[in-house]
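Raw contents of coords-v4.csv, CSV, C-alpha atoms and all ligand atoms:
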chain,number,residue,atom,x,y,z
A,1,MET,CA,0.0,0.0,0.0
A,2,THR,CA,2.9,2.4,0.8
A,3,ASP,CA,4.1,1.8,-2.8
A,4,VAL,CA,0.7,2.7,-4.2
A,5,ILE,CA,0.6,5.9,-2.1
A,6,LEU,CA,4.1,6.9,-3.2
A,7,MET,CA,3.4,6.2,-6.9
A,8,ASN,CA,0.2,8.3,-6.6
A,9,GLN,CA,2.1,11.2,-5.0
A,10,LEU,CA,4.9,11.0,-7.5
A,11,ASN,CA,2.3,11.0,-10.3
A,12,LEU,CA,0.6,14.1,-8.8
A,13,VAL,CA,3.8,16.0,-8.6
A,14,LEU,CA,4.9,15.1,-12.1
A,15,GLN,CA,1.5,15.8,-13.6
A,16,PHE,CA,2.0,19.4,-12.4
A,17,VAL,CA,5.3,19.4,-14.4
A,18,VAL,CA,3.4,18.2,-17.5
A,19,ALA,CA,0.8,21.0,-16.9
A,20,ALA,CA,3.6,23.5,-16.7
A,21,PHE,CA,5.0,22.3,-20.0
A,22,LEU,CA,1.6,22.5,-21.6
A,23,PHE,CA,1.2,26.0,-20.3
A,24,MET,CA,4.6,27.1,-21.6
A,25,ALA,CA,3.9,25.5,-25.0
A,26,ILE,CA,0.7,27.5,-25.4
A,27,VAL,CA,2.4,30.8,-24.2
A,28,VAL,CA,5.3,30.4,-26.7
A,29,LYS,CA,2.8,29.6,-29.5
A,30,ILE,CA,0.9,32.9,-28.7
A,31,LYS,CA,4.3,34.7,-28.7
A,32,GLY,CA,4.8,33.4,-32.3
A,33,ARG,CA,7.4,30.6,-31.8
A,34,PRO,CA,5.7,27.5,-33.3
A,35,ARG,CA,8.8,25.2,-33.4
A,36,LEU,CA,9.5,25.8,-29.7
A,37,HIS,CA,5.8,25.2,-29.1
A,38,GLY,CA,6.1,21.9,-30.8
A,39,LEU,CA,9.3,20.9,-28.9
A,40,LEU,CA,7.7,21.8,-25.5
A,41,MET,CA,4.7,19.7,-26.5
A,42,VAL,CA,7.0,16.8,-27.4
A,43,MET,CA,8.5,17.0,-23.9
A,44,ALA,CA,5.0,17.2,-22.3
A,45,TYR,CA,4.0,14.2,-24.4
A,46,VAL,CA,7.0,12.1,-23.5
A,47,GLN,CA,6.4,12.8,-19.8
A,48,ASN,CA,2.7,11.9,-20.1
A,49,LEU,CA,3.5,8.7,-22.0
A,50,GLY,CA,6.1,7.8,-19.3
A,51,LEU,CA,3.6,8.5,-16.5
A,52,THR,CA,0.9,6.5,-18.2
A,53,LEU,CA,3.1,3.4,-18.9
A,54,PHE,CA,5.1,3.4,-15.7
A,55,ILE,CA,2.7,4.7,-13.1
A,56,MET,CA,-1.0,4.8,-14.2
A,57,VAL,CA,-1.2,1.6,-16.1
A,58,PRO,CA,0.7,-0.5,-13.4
A,59,LEU,CA,-1.6,1.0,-10.7
A,60,LEU,CA,-4.7,0.1,-12.7
A,61,LEU,CA,-3.4,-3.4,-13.3
A,62,ALA,CA,-2.7,-3.7,-9.6
A,63,GLY,CA,-6.4,-3.1,-9.0
A,64,LEU,CA,-6.3,0.4,-7.8
A,65,PRO,CA,-8.5,2.3,-8.0
A,66,VAL,CA,-11.1,-0.4,-7.7
A,67,VAL,CA,-14.0,0.6,-10.0
A,68,SER,CA,-16.7,-0.9,-7.7
A,69,SER,CA,-19.9,0.5,-8.9
A,70,TYR,CA,-21.1,2.6,-11.9
A,71,SER,CA,-23.6,4.3,-9.7
A,72,ASN,CA,-20.7,5.8,-7.8
A,73,MET,CA,-20.0,9.3,-9.1
A,74,GLU,CA,-16.2,8.9,-8.7
A,75,SER,CA,-16.2,5.7,-10.7
A,76,VAL,CA,-17.9,7.4,-13.5
A,77,VAL,CA,-15.4,10.3,-13.3
A,78,PHE,CA,-12.6,7.8,-13.4
A,79,ILE,CA,-14.0,6.1,-16.5
A,80,VAL,CA,-14.3,9.5,-18.2
A,81,HIS,CA,-10.7,10.4,-17.1
A,82,TYR,CA,-9.5,7.0,-18.6
A,83,LEU,CA,-11.3,7.4,-21.9
A,84,LEU,CA,-10.3,11.1,-22.4
A,85,GLY,CA,-6.7,10.2,-21.4
A,86,VAL,CA,-6.6,7.5,-24.1
A,87,ALA,CA,-8.1,9.9,-26.7
A,88,THR,CA,-5.5,12.6,-25.7
A,89,LEU,CA,-2.6,10.1,-26.1
A,90,ILE,CA,-3.8,9.0,-29.5
A,91,LEU,CA,-4.2,12.6,-30.8
A,92,ALA,CA,-0.9,13.8,-29.3
A,93,SER,CA,0.9,10.7,-30.7
A,94,PHE,CA,-0.3,11.7,-34.1
A,95,LEU,CA,0.8,15.4,-33.7
A,96,VAL,CA,4.2,14.4,-32.3
A,97,ALA,CA,4.8,11.7,-34.9
A,98,ARG,CA,4.0,14.1,-37.7
A,99,PHE,CA,6.4,16.6,-36.3
A,100,ALA,CA,9.1,13.9,-35.8
A,101,LEU,CA,8.7,12.6,-39.4
A,102,ALA,CA,9.3,16.2,-40.6
A,103,ARG,CA,12.6,16.1,-38.6
A,104,PHE,CA,11.2,18.5,-36.1
A,105,THR,CA,10.5,21.3,-38.5
A,106,ILE,CA,7.1,22.9,-38.6
A,107,LEU,CA,6.5,22.0,-42.3
A,108,ASN,CA,3.7,19.6,-41.5
A,109,CYS,CA,2.4,21.1,-38.3
A,110,ARG,CA,-1.0,22.4,-39.4
A,111,GLY,CA,-4.3,21.7,-37.8
A,112,LYS,CA,-5.5,24.3,-35.5
A,113,TRP,CA,-8.7,22.5,-34.6
A,114,LEU,CA,-6.9,19.2,-33.9
A,115,MET,CA,-4.5,20.9,-31.6
A,116,ARG,CA,-7.2,22.8,-29.9
A,117,MET,CA,-9.1,19.6,-29.3
A,118,THR,CA,-6.0,17.8,-28.0
A,119,ALA,CA,-5.2,20.7,-25.6
A,120,PHE,CA,-8.8,20.7,-24.5
A,121,LEU,CA,-9.0,16.9,-23.9
A,122,TRP,CA,-5.6,17.0,-22.1
A,123,SER,CA,-6.7,19.8,-19.8
A,124,VAL,CA,-10.0,18.1,-18.9
A,125,THR,CA,-8.2,14.8,-18.3
A,126,LEU,CA,-5.7,16.5,-16.0
A,127,GLY,CA,-8.5,18.3,-14.1
A,128,LEU,CA,-10.4,15.1,-13.6
A,129,GLY,CA,-7.3,13.3,-12.4
A,130,LEU,CA,-6.7,16.1,-9.9
A,131,PHE,CA,-10.3,15.9,-8.7
A,132,LEU,CA,-10.0,12.1,-8.2
A,133,TYR,CA,-6.8,12.6,-6.3
A,134,SER,CA,-8.2,15.3,-4.0
A,135,SER,CA,-11.4,13.2,-3.4
A,136,GLY,CA,-9.3,10.3,-2.2
A,137,PHE,CA,-10.2,8.0,-5.1
A,138,PHE,CA,-6.5,7.7,-5.9
A,139,PRO,CA,-5.0,7.1,-2.4
A,140,GLY,CA,-2.2,9.5,-1.6
B,201,LIG,C1,0.4,17.3,-28.4
B,201,LIG,C2,0.4,18.2,-28.9
B,201,LIG,C3,0.0,19.6,-29.2
B,201,LIG,C4,-1.0,20.4,-28.7
B,201,LIG,C5,-1.9,20.0,-27.5
B,201,LIG,C6,-1.0,21.6,-29.4
B,201,LIG,C7,-1.9,22.7,-29.2
B,201,LIG,C8,-2.0,23.8,-29.9
B,201,LIG,C9,-2.9,24.9,-29.7
B,201,LIG,C10,-3.9,25.0,-28.6
B,201,LIG,C11,-2.7,25.8,-30.7
B,201,LIG,C12,-3.4,27.1,-30.9
B,201,LIG,C13,-4.5,26.9,-32.0
B,201,LIG,C14,-5.2,28.3,-32.2
B,201,LIG,O1,-4.7,29.0,-33.0
B,201,LIG,O2,-6.2,28.5,-31.5
B,201,LIG,C15,-1.7,25.3,-31.6
B,201,LIG,C16,-1.2,25.9,-32.7
B,201,LIG,C17,-0.1,25.5,-33.5
B,201,LIG,N1,0.7,24.4,-33.2
B,201,LIG,FE1,0.4,23.0,-31.8
B,201,LIG,N2,0.0,21.6,-30.4
B,201,LIG,C18,0.6,20.4,-30.3
B,201,LIG,C19,1.7,19.9,-31.0
B,201,LIG,C20,2.3,20.7,-32.0
B,201,LIG,C21,3.5,20.3,-32.7
B,201,LIG,C22,4.2,18.9,-32.5
B,201,LIG,C23,3.8,21.3,-33.6
B,201,LIG,C24,5.0,21.3,-34.5
B,201,LIG,C25,5.7,22.3,-34.6
B,201,LIG,C26,2.8,22.3,-33.4
B,201,LIG,C27,2.7,23.5,-34.2
B,201,LIG,C28,1.7,24.4,-34.2
B,201,LIG,C29,1.5,25.4,-35.1
B,201,LIG,C30,2.3,25.7,-36.4
B,201,LIG,C31,0.3,26.1,-34.7
B,201,LIG,C32,-0.4,27.2,-35.5
B,201,LIG,C33,-1.4,26.4,-36.3
B,201,LIG,C34,-2.3,27.2,-37.1
B,201,LIG,O3,-2.5,28.4,-36.7
B,201,LIG,O4,-2.9,26.7,-38.1
B,201,LIG,N3,1.9,21.9,-32.5
B,201,LIG,N4,-1.2,24.1,-31.1
Full structure transcribed into structure tokens:
Amino acid sequence: MTDVILMNQLNLVLQFVVAAFLFMAIVVKIKGRPRLHGLLMVMAYVQNLGLTLFIMVPLLLAGLPVVSSYSNMESVVFIVHYLLGVATLILASFLVARFALARFTILNCRGKWLMRMTAFLWSVTLGLGLFLYSSGFFPG
């Protein structure tokens, strides 16, 4: 149980780092530096992927949180968090792969609406995760 608590706490702290990268990426985009925006997004993506593979998925496979009942509001929020998180990873993987295939130049980086959607889903997923942590659903 101590391990689970530590993993949840580590996840929480590192998710704030991801949020900081997302925020910086949006700020530099507004300031007119699209390549730096892309590079910061790549860093946020790599961190998010790492946290998913090495903390969130193992915790889920270990049976925590236990999704006991669909009538429980937190369980529903968890399922939404899970589904939006998967959708965010799929969209972000596409954006990052396209950038990488163009050797990290902005040549192929179009798609304002796709990026807006990804940023929106990512923010909602982060917010729901924070809610679940603060409500005690993720023990920490
Ligand atoms: C996971 C990843 C990403 C997210 C969440 C994201 C998010 C965003 C957002 C919210 C905008 C502002 C859209 C608007 O004008 O309202 C934007 C614009 C833009 N981003 Fe990204 N972005 C991502 C990855 C990338 C990558 C890898 C690049 C490559 C350099 C990139 C290049 C651009 C460019 C060039 C624009 C301006 C697009 C346009 O106005 O048509 N983005 N992005």
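Going from atom C13 of ligand LIG 201 (chain B) over to CA of Ala87 (chain A), you cover 18.2 Å.
Distance annotation: of A:Met7, A:Leu60, A:Ile55, A:Leu130, the residue with the minimal separation from Ala19 (chain A) is A:Leu130; atom set is only C-alpha atoms.
Distance annotation: of A:Asn108, A:Thr2, A:Gln9, A:Asn72, the residue with the minimal separation from Gly140 (chain A) is A:Gln9; atom set is all atoms listed in the file.
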Using all atoms listed in the file, which residues have at least one atom no more than 10 Å from ligand LIG 201 (chain B)? Output them as an MDAnalysis selection string.
chainID A and resid 22:23 25:30 32:46 88:100 102 104:123
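Between CA of Met56 (chain A) and CA of Asn11 (chain A) there is a distance of 8.0 Å.
The gap separating CA of Leu12 (chain A) from CA of Leu126 (chain A) is 9.9 Å, in Å to one decimal.
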